[in-house]
$ cat work08.cif   # mmCIF, C-alpha atoms
data_target
loop_
_atom_site.label_atom_id
_atom_site.label_comp_id
_atom_site.auth_asym_id
_atom_site.auth_seq_id
_atom_site.Cartn_x
_atom_site.Cartn_y
_atom_site.Cartn_z
CA MET A 256 -31.93 2.17 11.58
CA VAL A 257 -29.90 5.28 12.36
CA ALA A 258 -31.59 8.66 12.43
CA SER A 259 -30.14 9.77 9.06
CA ASP A 260 -31.68 6.70 7.36
CA ARG A 261 -35.22 7.80 8.15
CA PRO A 262 -36.97 9.01 5.01
CA ASP A 263 -38.06 12.26 6.71
CA SER A 264 -34.73 12.99 8.43
CA PRO A 265 -32.98 16.30 7.66
CA ASP A 266 -30.16 14.41 5.91
CA ALA A 267 -32.53 12.54 3.62
CA LEU A 268 -34.42 15.74 2.86
CA ALA A 269 -31.17 17.57 2.07
CA LEU A 270 -30.28 14.79 -0.36
CA HIS A 271 -33.62 15.06 -2.17
CA LEU A 272 -33.40 18.86 -2.30
CA GLN A 273 -29.91 18.58 -3.74
CA GLU A 274 -31.22 16.19 -6.42
CA VAL A 275 -34.05 18.58 -7.33
CA ARG A 276 -31.71 21.58 -7.52
CA ARG A 277 -28.85 19.85 -9.30
CA GLY A 278 -30.32 20.12 -12.79
CA THR A 279 -31.37 23.71 -12.38
CA VAL A 280 -27.89 25.15 -11.87
CA VAL A 281 -26.85 24.55 -15.49
CA LEU A 282 -29.98 26.27 -16.79
CA ALA A 283 -29.47 29.14 -14.35
CA CYS A 284 -25.84 29.58 -15.46
CA LEU A 285 -26.78 29.62 -19.13
CA ALA A 286 -29.56 32.11 -18.49
CA ALA A 287 -27.30 34.41 -16.46
CA CYS A 288 -24.43 34.26 -18.96
CA ARG A 289 -26.44 35.93 -21.69
CA GLU A 290 -24.44 38.90 -20.37
CA PRO A 291 -20.69 38.25 -19.86
CA GLN A 292 -20.04 37.18 -16.27
CA TYR A 293 -16.96 36.15 -14.33
CA GLY A 294 -17.24 33.39 -11.78
CA TYR A 295 -17.87 35.40 -8.65
CA SER A 296 -20.22 37.89 -10.30
CA LEU A 297 -22.26 34.94 -11.55
CA LEU A 298 -22.29 33.49 -8.04
CA GLU A 299 -23.72 36.75 -6.73
CA THR A 300 -26.21 37.06 -9.58
CA LEU A 301 -27.49 33.56 -8.88
CA ALA A 302 -27.61 34.21 -5.12
CA GLN A 303 -29.63 37.37 -5.67
CA ALA A 304 -32.01 35.37 -7.84
CA GLY A 305 -32.41 32.89 -4.99
CA ILE A 306 -30.33 30.11 -6.50
CA GLN A 307 -27.79 28.92 -3.97
CA VAL A 308 -24.67 27.34 -5.43
CA GLU A 309 -21.23 26.91 -3.89
CA ALA A 310 -18.16 28.39 -5.56
CA ASN A 311 -16.46 25.01 -5.53
CA THR A 312 -19.32 23.64 -7.65
CA LEU A 313 -19.85 26.66 -9.90
CA TYR A 314 -16.30 27.27 -11.12
CA PRO A 315 -15.70 23.67 -12.27
CA LEU A 316 -19.20 23.67 -13.84
CA LEU A 317 -18.41 26.82 -15.83
CA ARG A 318 -15.26 25.20 -17.11
CA ARG A 319 -17.22 22.11 -18.22
CA LEU A 320 -19.85 24.24 -19.98
CA ASP A 321 -17.00 26.05 -21.73
CA LYS A 322 -15.49 22.72 -22.86
CA GLN A 323 -18.93 21.62 -24.12
CA GLY A 324 -19.15 24.77 -26.23
CA LEU A 325 -22.23 26.12 -24.41
CA LEU A 326 -20.25 29.02 -22.97
CA THR A 327 -17.19 30.78 -24.26
CA ALA A 328 -14.47 31.88 -21.85
CA GLU A 329 -12.12 34.82 -22.21
CA TRP A 330 -9.59 36.23 -19.79
CA ASN A 331 -9.96 39.96 -19.27
CA THR A 332 -6.65 41.49 -18.26
CA ASP A 333 -7.81 45.12 -18.36
CA GLU A 334 -8.93 44.99 -14.75
CA PRO A 335 -6.51 45.15 -11.80
CA ARG A 336 -6.79 41.38 -11.51
CA PRO A 337 -7.26 39.05 -14.50
CA ARG A 338 -10.76 37.61 -14.62
CA LYS A 339 -12.27 34.94 -16.82
CA TYR A 340 -15.51 36.07 -18.40
CA TYR A 341 -18.05 33.55 -19.62
CA THR A 342 -20.60 34.33 -22.35
CA LEU A 343 -23.40 32.21 -23.78
CA THR A 344 -22.64 30.82 -27.27
CA ASP A 345 -25.22 30.30 -30.02
CA SER A 346 -25.43 26.58 -29.34
CA GLY A 347 -25.58 27.37 -25.62
CA ALA A 348 -28.55 29.64 -26.30
CA ARG A 349 -30.35 26.85 -28.18
CA VAL A 350 -29.68 24.39 -25.36
CA ALA A 351 -30.85 26.96 -22.83
CA ASP A 352 -34.10 27.43 -24.77
CA ASP A 353 -34.71 23.68 -24.84
CA LEU A 354 -33.92 23.33 -21.15
CA ARG A 355 -36.20 26.23 -20.31
CA ALA A 356 -39.05 24.71 -22.33
CA GLU A 357 -38.53 21.42 -20.49
CA TRP A 358 -38.46 23.23 -17.17
CA LEU A 359 -41.73 25.03 -17.91
CA ALA A 360 -43.37 21.79 -19.07
CA LEU A 361 -42.23 20.02 -15.90
CA THR A 362 -43.51 22.85 -13.75
CA ALA A 363 -46.89 22.71 -15.50
CA SER A 364 -47.05 18.94 -15.12
CA LEU A 365 -46.19 19.11 -11.43
CA THR A 366 -48.75 21.84 -10.88
CA ASP A 367 -51.43 19.69 -12.54
CA LEU A 368 -50.38 16.65 -10.59
CA TRP A 369 -50.53 18.56 -7.33
CA LYS A 370 -54.01 19.86 -8.19
CA ASP A 371 -55.36 16.38 -9.01
CA THR A 372 -54.24 14.88 -5.75
CA MET B 278 7.43 30.16 2.16
CA ARG B 279 4.42 29.72 -0.09
CA THR B 280 1.16 31.39 0.83
CA LEU B 281 -1.82 29.34 1.90
CA THR B 282 -3.49 30.05 -1.45
CA GLU B 283 -0.47 28.85 -3.42
CA ARG B 284 -0.34 25.67 -1.37
CA TYR B 285 -4.09 25.15 -1.85
CA VAL B 286 -3.90 25.68 -5.62
CA HIS B 287 -0.89 23.39 -5.86
CA THR B 288 -2.75 20.66 -3.94
CA VAL B 289 -5.72 20.95 -6.29
CA VAL B 290 -3.84 20.90 -9.59
CA ARG B 291 -1.38 18.15 -8.75
CA ARG B 292 -4.36 15.77 -8.78
CA LEU B 293 -5.32 16.83 -12.30
CA PRO B 294 -4.00 15.83 -15.73
CA GLU B 295 -0.96 17.79 -16.89
CA GLY B 296 -2.85 19.50 -19.74
CA MET B 297 -5.42 21.27 -17.56
CA ARG B 298 -3.22 22.29 -14.62
CA ASP B 299 -2.24 25.81 -15.70
CA ASP B 300 -5.78 26.68 -16.69
CA VAL B 301 -7.33 25.35 -13.49
CA ALA B 302 -4.59 26.97 -11.37
CA ALA B 303 -5.45 30.37 -12.90
CA ASP B 304 -9.16 29.64 -12.44
CA VAL B 305 -8.85 28.67 -8.78
CA THR B 306 -6.49 31.54 -8.01
CA ALA B 307 -8.96 34.04 -9.54
CA MET B 308 -11.82 32.40 -7.63
CA ILE B 309 -10.00 32.69 -4.31
CA ALA B 310 -9.01 36.31 -5.01
CA ASP B 311 -12.64 37.20 -5.84
CA MET B 312 -13.97 35.48 -2.74
CA LEU B 313 -11.34 37.17 -0.60
CA GLU B 314 -12.18 40.57 -2.05
CA ALA B 315 -15.91 40.01 -1.53
CA ARG B 316 -15.34 38.95 2.06
CA THR B 317 -13.16 41.97 2.81
CA ASP B 318 -15.65 44.35 1.09
CA THR B 319 -18.57 42.93 3.01
CA ASN B 320 -16.84 43.33 6.31
CA THR B 321 -15.75 46.89 5.53
CA ASP B 322 -19.13 47.96 4.14
CA ALA B 323 -21.20 46.54 6.91
CA ASP B 324 -18.74 47.71 9.52
CA THR B 325 -19.83 44.88 11.71
CA HIS B 326 -16.72 42.81 11.73
CA THR B 327 -15.05 42.08 14.96
CA GLY B 328 -11.63 42.59 13.51
CA THR B 329 -10.85 38.95 12.86
CA ASP B 330 -11.46 39.03 9.10
CA ALA B 331 -9.57 42.29 8.82
CA ASP B 332 -6.47 40.19 9.18
CA PRO B 333 -5.71 39.04 5.59
CA ALA B 334 -4.32 35.72 6.78
CA VAL B 335 -7.50 34.94 8.74
CA ALA B 336 -9.68 35.94 5.78
CA GLU B 337 -7.61 33.80 3.43
CA ALA B 338 -7.92 30.79 5.71
CA ALA B 339 -11.68 31.34 6.02
CA VAL B 340 -12.09 31.49 2.22
CA LEU B 341 -10.09 28.31 1.70
CA GLU B 342 -12.10 26.51 4.36
CA GLU B 343 -15.29 27.68 2.67
CA LEU B 344 -14.03 26.16 -0.58
CA GLY B 345 -13.50 22.85 1.16
CA SER B 346 -10.83 20.25 0.72
CA PRO B 347 -8.59 20.65 -2.34
CA GLU B 348 -9.10 16.95 -3.08
CA SER B 349 -12.86 17.46 -3.46
CA LEU B 350 -12.34 20.52 -5.64
CA ALA B 351 -9.92 18.57 -7.85
CA GLN B 352 -12.59 15.86 -8.18
CA GLU B 353 -15.10 18.48 -9.31
CA TYR B 354 -12.66 19.65 -11.99
CA ALA B 355 -11.58 16.17 -13.10
CA ARG B 356 -15.05 14.58 -13.08
CA GLY B 357 -13.57 11.32 -14.35
CA PRO B 358 -14.83 8.02 -13.01
CA GLN B 359 -14.21 7.87 -9.27
CA HIS B 360 -14.29 4.10 -9.30
CA LEU B 361 -12.10 1.39 -10.73
CA ILE B 362 -14.89 -0.76 -12.17
CA GLY B 363 -18.28 0.84 -12.56
CA PRO B 364 -21.79 -0.58 -12.38
CA ALA B 365 -22.00 -1.03 -16.18
CA VAL B 366 -19.26 -3.67 -16.30
CA PHE B 367 -19.26 -4.91 -12.70
CA PRO B 368 -21.61 -7.89 -13.32
CA ALA B 369 -19.36 -9.10 -16.15
CA TYR B 370 -16.29 -8.55 -13.95
CA ARG B 371 -17.76 -10.53 -11.07
CA TRP B 372 -18.84 -13.28 -13.43
CA ALA B 373 -15.33 -13.46 -14.97
CA LEU B 374 -13.77 -13.65 -11.50
CA THR B 375 -16.03 -16.51 -10.38
CA TRP B 376 -15.04 -18.49 -13.45
CA VAL B 377 -11.42 -17.59 -14.00
CA LEU B 378 -10.09 -17.68 -10.43
CA PRO B 379 -11.19 -21.25 -9.55
CA VAL B 380 -9.90 -22.48 -12.92
CA VAL B 381 -6.56 -20.74 -12.39
CA VAL B 382 -6.25 -22.26 -8.90
CA ALA B 383 -7.11 -25.75 -10.16
CA VAL B 384 -4.73 -25.55 -13.14
CA ALA B 385 -1.92 -24.00 -11.05
CA LEU B 386 -2.28 -26.68 -8.37
CA ALA B 387 -2.33 -29.50 -10.92
CA VAL B 388 0.52 -28.24 -13.10
CA ASN B 389 2.79 -27.22 -10.23
CA GLY B 390 2.03 -30.44 -8.38
CA LEU B 391 2.87 -32.43 -11.48
CA VAL B 392 6.07 -30.55 -12.21
CA TYR B 393 7.17 -30.90 -8.56
CA ALA B 394 6.38 -34.63 -8.53
CA LEU B 395 8.34 -35.15 -11.72
CA THR B 396 11.35 -32.96 -11.09
CA ALA B 397 12.02 -32.91 -7.34
CA PRO B 398 14.92 -35.23 -6.37
CA GLU B 399 12.95 -36.45 -3.34
CA VAL B 400 9.20 -36.04 -3.25
CA HIS B 401 7.29 -35.55 0.00
CA ILE B 402 3.60 -34.88 0.46
CA GLY B 403 4.40 -31.73 2.47
CA GLY B 404 6.70 -30.45 -0.26
CA LEU B 405 4.10 -31.31 -2.88
CA ILE B 406 1.35 -29.39 -1.10
CA GLY B 407 3.67 -26.52 -0.14
CA THR B 408 5.02 -26.11 -3.66
CA SER B 409 1.61 -26.39 -5.33
CA VAL B 410 -0.13 -23.98 -2.97
CA GLY B 411 2.88 -21.65 -2.80
CA LYS B 412 2.89 -21.26 -6.58
CA ALA B 413 -0.89 -21.21 -6.93
CA VAL B 414 -1.23 -18.12 -4.70
CA PRO B 415 0.88 -15.82 -6.94
CA ALA B 416 -0.93 -17.25 -9.99
CA LEU B 417 -4.25 -16.41 -8.33
CA LEU B 418 -3.11 -12.87 -7.51
CA VAL B 419 -1.76 -12.32 -11.03
CA ALA B 420 -5.04 -13.56 -12.56
CA PHE B 421 -7.05 -11.31 -10.21
CA ALA B 422 -4.87 -8.28 -10.98
CA THR B 423 -4.90 -8.95 -14.73
CA LEU B 424 -8.69 -9.26 -14.86
CA THR B 425 -9.12 -6.15 -12.72
CA VAL B 426 -6.76 -4.10 -14.88
CA LEU B 427 -8.41 -5.32 -18.10
CA PHE B 428 -11.88 -4.41 -16.85
CA ALA B 429 -10.66 -1.08 -15.47
CA VAL B 430 -9.14 -0.23 -18.86
CA TYR B 431 -12.33 -1.32 -20.64
CA GLU B 432 -14.34 0.82 -18.22
CA ARG B 433 -12.38 3.86 -19.39
CA VAL B 434 -11.88 3.25 -23.11
CA GLY B 435 -14.63 0.77 -23.92
CA THR B 436 -18.04 1.49 -25.34
CA ALA B 437 -19.91 0.53 -22.19
CA PRO B 438 -22.97 2.73 -21.76
CA ALA B 439 -22.93 5.18 -18.89
CA PRO B 440 -24.76 4.05 -15.75
CA GLY B 441 -28.46 4.57 -16.21
CA LEU B 442 -28.30 4.29 -19.98
CA ARG B 443 -29.08 1.06 -21.77
CA GLY B 444 -26.85 1.25 -24.80
CA HIS B 445 -27.84 2.41 -28.23
CA ARG B 446 -30.16 -0.42 -29.21
CA ARG B 447 -33.73 -0.12 -28.14
CA TRP B 448 -34.74 -2.81 -25.67
CA THR B 449 -37.80 -4.88 -26.53
CA VAL B 450 -39.70 -7.53 -24.57
CA ASP B 451 -38.37 -10.13 -27.01
CA GLN B 452 -35.08 -9.90 -25.14
CA LEU B 453 -36.80 -10.85 -21.90
CA ALA B 454 -35.28 -14.17 -20.89
CA GLU B 455 -36.94 -16.95 -18.95
CA PRO B 456 -36.33 -16.64 -15.22
CA THR B 457 -32.86 -18.00 -14.60
CA PRO B 458 -30.69 -18.43 -11.51
CA SER B 459 -28.41 -15.57 -12.45
CA GLY B 460 -29.88 -13.89 -15.48
CA SER B 461 -28.07 -14.27 -18.76
CA THR B 462 -25.07 -15.94 -17.15
CA VAL B 463 -26.60 -19.44 -17.52
CA ARG B 464 -25.86 -19.41 -21.24
CA ALA B 465 -22.36 -18.10 -20.68
CA ASP B 466 -21.74 -20.64 -17.88
CA GLY B 467 -22.80 -23.38 -20.30
CA VAL B 468 -20.36 -22.18 -22.96
CA VAL B 469 -17.48 -21.98 -20.45
CA SER B 470 -18.28 -25.52 -19.25
CA LEU B 471 -18.17 -26.79 -22.83
CA VAL B 472 -14.79 -25.14 -23.38
CA MET B 473 -13.49 -26.75 -20.17
CA LEU B 474 -14.74 -30.16 -21.31
CA VAL B 475 -12.97 -29.76 -24.66
CA LEU B 476 -9.75 -28.91 -22.81
CA LEU B 477 -10.20 -31.98 -20.58
CA ALA B 478 -10.76 -34.11 -23.69
CA LEU B 479 -7.38 -32.94 -24.99
CA VAL B 480 -5.49 -33.97 -21.82
CA PRO B 481 -4.62 -37.52 -23.07
CA VAL B 482 -2.97 -36.09 -26.19
CA VAL B 483 -1.15 -33.15 -24.57
CA PRO B 484 2.64 -33.52 -24.98
CA THR B 485 4.91 -33.12 -21.95
CA THR B 486 6.77 -30.31 -23.72
CA LEU B 487 3.83 -28.07 -22.81
CA VAL B 488 4.97 -27.69 -19.18
CA TYR B 489 8.74 -27.91 -19.62
CA VAL B 490 9.13 -31.56 -18.64
CA GLY B 491 9.39 -32.79 -22.26
CA HIS B 492 12.95 -34.01 -21.70
CA LEU B 493 11.68 -36.71 -19.35
CA ASN B 494 9.90 -38.79 -22.02
CA GLY B 495 11.04 -37.33 -25.34
CA GLY B 496 8.02 -35.06 -25.69
CA GLU B 497 5.44 -37.85 -25.68
CA THR B 498 2.08 -37.55 -23.92
CA PHE B 499 1.58 -37.43 -20.16
CA VAL B 500 -0.70 -40.43 -20.44
CA ASN B 501 0.72 -43.93 -20.79
CA PRO B 502 0.62 -44.82 -24.53
CA GLN B 503 0.04 -48.44 -23.52
CA LEU B 504 -3.24 -47.53 -21.84
CA GLY B 505 -6.09 -49.63 -23.23
CA ALA B 506 -8.18 -47.94 -25.89
CA GLY B 507 -11.28 -48.82 -23.90
CA TRP B 508 -10.20 -46.54 -21.06
CA LEU B 509 -9.58 -43.65 -23.44
CA PHE B 510 -12.88 -44.08 -25.24
CA GLY B 511 -14.65 -44.48 -21.90
CA TYR B 512 -13.09 -41.18 -20.78
CA TRP B 513 -14.21 -39.38 -23.92
CA LEU B 514 -17.67 -40.96 -23.79
CA ILE B 515 -18.23 -39.74 -20.22
CA LEU B 516 -17.01 -36.27 -21.25
CA LEU B 517 -19.55 -36.37 -24.07
CA LEU B 518 -22.31 -37.26 -21.58
CA MET B 519 -21.09 -34.49 -19.28
CA ALA B 520 -21.40 -32.03 -22.20
CA ALA B 521 -25.15 -32.63 -22.52
CA GLY B 522 -26.10 -30.46 -19.52
CA PRO B 523 -23.95 -27.43 -20.45
CA LEU B 524 -25.06 -27.80 -24.08
CA ILE B 525 -28.73 -27.51 -23.07
CA HIS B 526 -27.88 -24.56 -20.78
CA ALA B 527 -25.98 -22.83 -23.61
CA VAL B 528 -28.74 -23.35 -26.16
CA ARG B 529 -31.82 -22.74 -24.03
CA GLY B 530 -30.33 -20.19 -21.63
CA ARG B 531 -31.90 -21.78 -18.56
CA THR B 532 -31.37 -24.66 -16.21
CA THR B 533 -33.80 -27.32 -15.11
CA ARG B 534 -33.82 -29.75 -12.20
CA ALA B 535 -33.17 -32.58 -14.70
CA THR B 536 -30.08 -30.95 -16.22
CA ARG B 537 -28.70 -30.17 -12.76
CA VAL B 538 -29.20 -33.76 -11.63
CA TRP B 539 -27.59 -34.92 -14.88
CA ASP B 540 -24.58 -32.67 -14.17
CA ILE B 541 -24.18 -34.11 -10.68
CA VAL B 542 -24.52 -37.75 -11.80
CA THR B 543 -22.10 -37.44 -14.73
CA ASP B 544 -19.57 -35.61 -12.53
CA LEU B 545 -19.67 -38.44 -9.99
CA VAL B 546 -19.40 -41.06 -12.75
CA MET B 547 -16.33 -39.29 -14.14
CA ALA B 548 -14.66 -39.00 -10.71
CA SER B 549 -15.31 -42.70 -10.03
CA PHE B 550 -14.06 -43.68 -13.50
CA LEU B 551 -10.82 -41.72 -13.08
CA THR B 552 -10.27 -43.13 -9.57
CA LEU B 553 -10.73 -46.64 -10.89
CA ALA B 554 -8.42 -45.97 -13.85
CA LEU B 555 -5.69 -44.53 -11.61
CA LEU B 556 -5.88 -47.38 -9.09
CA SER B 557 -6.00 -50.22 -11.59
CA GLN B 558 -3.04 -49.43 -13.88
CA PRO B 559 -0.20 -46.99 -14.57
CA VAL B 560 -2.04 -44.08 -16.19
CA LEU B 561 1.03 -41.81 -16.20
CA HIS B 562 3.65 -42.29 -18.95
CA PRO B 563 6.15 -44.91 -17.65
CA ASP B 564 9.15 -42.56 -18.12
CA LEU B 565 7.39 -39.90 -16.08
CA ALA B 566 6.38 -42.45 -13.45
CA ALA B 567 10.03 -43.52 -13.21
CA ALA B 568 11.17 -39.93 -12.80
CA SER B 569 8.49 -39.17 -10.25
CA GLY B 570 9.22 -39.73 -6.59
CA ILE B 571 5.55 -40.16 -5.76
CA ASP B 572 2.72 -42.23 -7.19
CA ILE B 573 0.45 -39.96 -9.24
CA ALA B 574 -2.65 -41.59 -7.75
CA VAL B 575 -1.67 -40.39 -4.26
CA TRP B 576 -2.22 -36.71 -5.09
CA LEU B 577 -4.36 -36.79 -8.23
CA ILE B 578 -7.26 -38.77 -6.70
CA PRO B 579 -7.78 -36.27 -3.84
CA VAL B 580 -7.57 -33.40 -6.36
CA ILE B 581 -10.18 -35.07 -8.59
CA TRP B 582 -12.60 -35.56 -5.68
CA ALA B 583 -11.97 -32.06 -4.34
CA VAL B 584 -12.80 -30.53 -7.75
CA THR B 585 -15.86 -32.80 -8.09
CA LEU B 586 -17.09 -31.88 -4.61
CA TRP B 587 -16.61 -28.17 -5.34
CA ASP B 588 -18.55 -28.59 -8.57
CA GLN B 589 -21.43 -30.32 -6.76
CA ILE B 590 -21.64 -27.57 -4.17
CA ALA B 591 -21.67 -24.94 -6.95
CA THR B 592 -24.39 -26.86 -8.83
CA VAL B 593 -26.61 -27.28 -5.77
CA ARG B 594 -26.18 -23.64 -4.76
CA ALA B 595 -27.05 -22.43 -8.27
CA HIS B 596 -30.11 -24.69 -8.29
CA ARG B 597 -31.29 -23.45 -4.87
CA SER B 598 -30.75 -19.88 -6.02
CA SER B 599 -32.84 -20.59 -9.13
CA LEU B 600 -35.64 -22.00 -6.95
CA ARG B 601 -35.64 -18.83 -4.87
CA THR B 602 -35.74 -16.48 -7.86
CA MET B 603 -38.27 -18.47 -9.92
CA PRO B 604 -41.83 -17.27 -9.50
CA ALA B 605 -44.13 -19.76 -7.78
CA PRO B 606 -45.68 -22.05 -10.39
CA THR B 607 -49.40 -21.54 -10.87
CA THR B 608 -51.43 -24.54 -9.93
CA ALA B 609 -53.91 -26.01 -12.42
CA GLN B 610 -57.51 -25.22 -11.60
#

$ encode --input "work08.cif" --output "structure tokens"
Amino acid sequence: MVASDRPDSPDALALHLQEVRRGTVVLACLAACREPQYGYSLLETLAQAGIQVEANTLYPLLRRLDKQGLLTAEWNTDEPRPRKYYTLTDSGARVADDLRAEWLALTASLTDLWKDT
Amino acid sequence: MRTLTERYVHTVVRRLPEGMRDDVAADVTAMIADMLEARTDTNTDADTHTGTDADPAVAEAAVLEELGSPESLAQEYARGPQHLIGPAVFPAYRWALTWVLPVVVAVALAVNGLVYALTAPEVHIGGLIGTSVGKAVPALLVAFATLTVLFAVYERVGTAPAPGLRGHRRWTVDQLAEPTPSGSTVRADGVVSLVMLVLLALVPVVPTTLVYVGHLNGGETFVNPQLGAGWLFGYWLILLLMAAGPLIHAVRGRTTRATRVWDIVTDLVMASFLTLALLSQPVLHPDLAAASGIDIAVWLIPVIWAVTLWDQIATVRAHRSSLRTMPAPTTAQ
């Protein structure tokens, strides 16, 4: 067994952390895009909120959320450099509400579970 | 010369479908520009930089390295399947390979061997083996490639559920099968065996025109028309007995020790019967025998026993596998 195969190795832990965080990025993006955001401003907003996400993950994700109709994208050419602004759509807002409710329920369940044990 | 950013963007988008290239190129370019600006601002504001990032080229390289390989970024944008045949269809693919490839090899060896024996001006064992094997290999590769392409296409356009999902129908315990050596494949194996037996039953009535040697005997059958009816009925009767095992497997979806033993015994009876038939009389059509430079029995008997032996090994292995996967029987108290 190599070191990275051990269940408590840093690599294994990083993998589990990544799994836990993966689902939260979409919810975080939807929440943050209630106000129009371009990619990098969103990256900074999320970082300030304590949600670490790489640019090479975020930009493609924003594009997918746009294609799914959860966000709407619009190029703003008024600034010195054109920037694509993303805004939450109505259906995106409904999905965000559902995801948030699920998140809160999960948090409550985990809190209970932790208390019991 | 193109800038590093242009080369990076080009490397990303050339891996993407035509329709999304312009959009993604603009997206990635804007992303790089924003990251570059942020990096420059940070260094200026904090006034802590050592001067390295003040150089635009160094900053640009650092940003691109932070983004990672363009191939990975393109994968993030494409998000299509990164595999040829995914977990949803892989069991069916593997099952199809284990059935189709041996059949293709056996048929290719038999047909090419027969055509060589009947058409070569001078037949040698070496030539027979060389020709049969030489033509069986491309047939095997074509079959493998065809199956792989078909499954890969199905993977992309078919209705296979995504990994982790179980289709649209709700699963109930009624669908829980009896423990079998390889899950639901026992039933399918039984059906394939029955189809093979039907094809074997048709061999005595197959005309020579089927494999382009019809001119040799006016399109009559491969088998000698003068062959006694008893031999033909014996052949069909043994095939019928051989069908019993696969029929039970197909209907009940599981194998038993008795059906496996039955398979082995009937296989051996058939191989012995064919050997006897080939050694005791001209089984091949006389016109074909006259055209052939080699006695059919010389190569067909080894092929028959090789196929039979292979079948026995497969049967025993499947039975052993079923013994391993079956739960231990509970003993009566």

$ interface_residues --input "work08.cif" --of "chain A" --to "chain B" --cutoff "10 Å" --atoms "only C-alpha atoms" --output "PDB file with C-alpha atoms, in the coordinates of the input"
ATOM      1  CA  TYR A 293     -16.960  36.150 -14.330  1.00  0.00           C
ATOM      2  CA  GLY A 294     -17.240  33.390 -11.780  1.00  0.00           C
ATOM      3  CA  TYR A 295     -17.870  35.400  -8.650  1.00  0.00           C
ATOM      4  CA  SER A 296     -20.220  37.890 -10.300  1.00  0.00           C
ATOM      5  CA  GLU A 299     -23.720  36.750  -6.730  1.00  0.00           C
ATOM      6  CA  GLU A 309     -21.230  26.910  -3.890  1.00  0.00           C
ATOM      7  CA  ALA A 310     -18.160  28.390  -5.560  1.00  0.00           C
ATOM      8  CA  ASN A 311     -16.460  25.010  -5.530  1.00  0.00           C
ATOM      9  CA  THR A 312     -19.320  23.640  -7.650  1.00  0.00           C
ATOM     10  CA  LEU A 313     -19.850  26.660  -9.900  1.00  0.00           C
ATOM     11  CA  TYR A 314     -16.300  27.270 -11.120  1.00  0.00           C
ATOM     12  CA  PRO A 315     -15.700  23.670 -12.270  1.00  0.00           C
ATOM     13  CA  LEU A 316     -19.200  23.670 -13.840  1.00  0.00           C
ATOM     14  CA  LEU A 317     -18.410  26.820 -15.830  1.00  0.00           C
ATOM     15  CA  ARG A 318     -15.260  25.200 -17.110  1.00  0.00           C
ATOM     16  CA  ARG A 319     -17.220  22.110 -18.220  1.00  0.00           C
ATOM     17  CA  TRP A 330      -9.590  36.230 -19.790  1.00  0.00           C
ATOM     18  CA  ARG A 336      -6.790  41.380 -11.510  1.00  0.00           C
ATOM     19  CA  PRO A 337      -7.260  39.050 -14.500  1.00  0.00           C
ATOM     20  CA  ARG A 338     -10.760  37.610 -14.620  1.00  0.00           C
ATOM     21  CA  LYS A 339     -12.270  34.940 -16.820  1.00  0.00           C
TER      22      LYS A 339
END

$ resolve_selection --input "work08.cif" --expression "the PyMOL selection byres ((chain A and resi 354-370) around 12)" --output "JSON, numbers by chain"
{"A": [275, 276, 278, 279, 280, 281, 282, 283, 284, 285, 286, 347, 348, 349, 350, 351, 352, 353, 371, 372]}

$ residues_around --input "work08.cif" --residues "range 581-587 of chain B" --least-positions-apart "3" --cutoff "7 Å" --atoms "all atoms listed in the file" --output "list in words"
Asp544, Ala548, Leu577, Ile578, Ile590 and Ala591 of chain B

$ atom_distance --input "work08.cif" --atom1 "CA of Thr485 in chain B" --atom2 "CA of Leu555 in chain B"
18.7 Å

$ resolve_selection --input "work08.cif" --expression "the PyMOL selection byres ((chain A and resi 342) around 6)" --output "VMD selection string"
chain A and resid 288 291 326 to 327 341 343

$ atom_distance --input "work08.cif" --atom1 "CA of Leu281 in chain B" --atom2 "CA of Thr317 in chain B"
17.0 Å
